[in-house]
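Remarks on the structure that follows.
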Amino acid sequence: MSKPIVAIVGRPNVGKSTLFNLLAGGRISIVKDTPGVTRDRIYADGSWLDKDFTLIDTGGIEPDSKDIILSSMREQAQIAIDTADVILFITDVRQGLVDADSKVADMLRRSAKPVLLIVNKVDNFEKFIPDVYEFYNLGIGEPIPISAASKLGIGDMLDIMIEHFPEQTSLEEEDDRPRIAIVGKPNVGKSSIINNLTGKERVIVSNIAGTTRDAIDTAVKYHGKEYVFIDTAGLRRKNKIKEELERFSIIRTVTAVERADIVLVVIDAIEGITEQDAKIAGIAHERGKGIMIVVNKWDAIEKDNKTVREYEHEIRRVLSFIPYAEIIFVSAITGQRLSKLYERIDLIIQNQNLRIATGVLNEIMMEAVAMQQPPSDKGKRLKLYYITQVGVKPPTFVIFVNDKELMHFSYTRYLENKIREAFGFKGTSLKFLIRERKEKDR
């Protein structure tokens, strides 16, 4: 099941960033950044009382004009309504209730989404509680007093927040159809690809309006198998400010990737691979999804016998943190190689669900250790005792060692490469958990 999405909405200077940074800074457990992947502080993965979720900061420009502030807040609110399972609406007890709060509250009230009304900067509960009562006038429930700066009331707020997370239904648990998200920058041809893949020559089983998202899920039957495509193509609300457009598209990418098994990252062949493409691919990698790089508009490129090799080399260079990703060159306009996408999707699904026998894994590990000695520090050498696979989607392995601190990232990568040499695992990330076991416990 995908993690619930929590969106933070509010006026400038009410403490949205302070709250986001507090939640993203260790008060709740946050997944570390992946080496080699840079990303905006727009989202963070967290958990509270064993409930995992993705936190999104919808804040952005903070202009001086009140009209622009209100318009920007409406954009934020709409993004939150479209993408979030729970909305944290942040207000400021010191500034009191203002007109912009009321107008955004109207939008949120009509959304039918769970909205928590958070009154921030309540540094002294006795002093400010009478002022908190004023926020009942917004008509969106009981105000929750907190102070993000002083870390007051945060636990109570999170307790209430997780009560509103959607329950997983038995229908969701039984739905084992592959879910494929098509993501990428605006104007790279995502719409054309999805239109071709779900076109008239396919049997469209159903159009399922996303219950908590504005992406449309389309179920398609191809050669007797059913696939669900998550379309993130159209940014409906245009925003003239480029940074805001990028922020909104990243937010929508995060929510789509969260719900997918496989992510098709679409790149414009004419423009080439960009930093934004790397950021989008990084989101999928961090979440352990199957990844395929789809180079679109390949018909528009002048080619010789070296073009594909050179282009692929550049993609591998920029996306060096996902050497396992599949790459395919297509044209949505001519339909070139688009049918091959289904073959690659099936291959990635197979690899995501591949299980390796424990005995075979341990043979590979011992051979790898014999070829390259494990690292040591201050006279103490890393010992690897045992490896076993504990999960799929992505394939997940536990390695038992004498000292976790000695298990350097580069040695884990070395073992990963040895396992990939033996079994491929094309298109899917692999996850490694390092566990300590004392020698006497072996």
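FYI, nothing fancy with the structure tokens labels: chains A, B, ... in order, residues from 1 per chain, ligands from 1 as they appear.
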For this session: From segment 206-376 of chain A, collect each residue whose DSSP state is strand (DSSP E) and return the set as a ChimeraX atom specification.
Result: /A:206-209,216-222,225-231,262-268,290-296,326-329,376
Exercise. Ile193 of chain A: which residues within 9 Å, counting only C-alpha atoms, same-chain residues fewer than 5 positions away excluded, as number ranges by chain?
Worked result: A: 182, 198, 296, 331-333, 335, 338
For this session: Compile the contact shell of Asn417 of chain A as a ChimeraX atom specification: residues with an atom at most 12 Å away, counting only C-alpha atoms, same-chain residues fewer than 4 positions apart removed.
Result: /A:322-324,364-365,368,410-413,421-426,429-430
Seminar exercise, completed: With distances taken over only C-alpha atoms, the candidate from A:Thr428, A:Thr54, A:Asn195, A:Gln372 nearest Asn353 of chain A is A:Thr428
Problem set entry | From A:Ile280, A:Val294, A:Leu415, A:Leu341, residue lying nearest Met371 of chain A [only C-alpha atoms] |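 Distance minimum relative to Met371 of chain A lands on A:Leu415.
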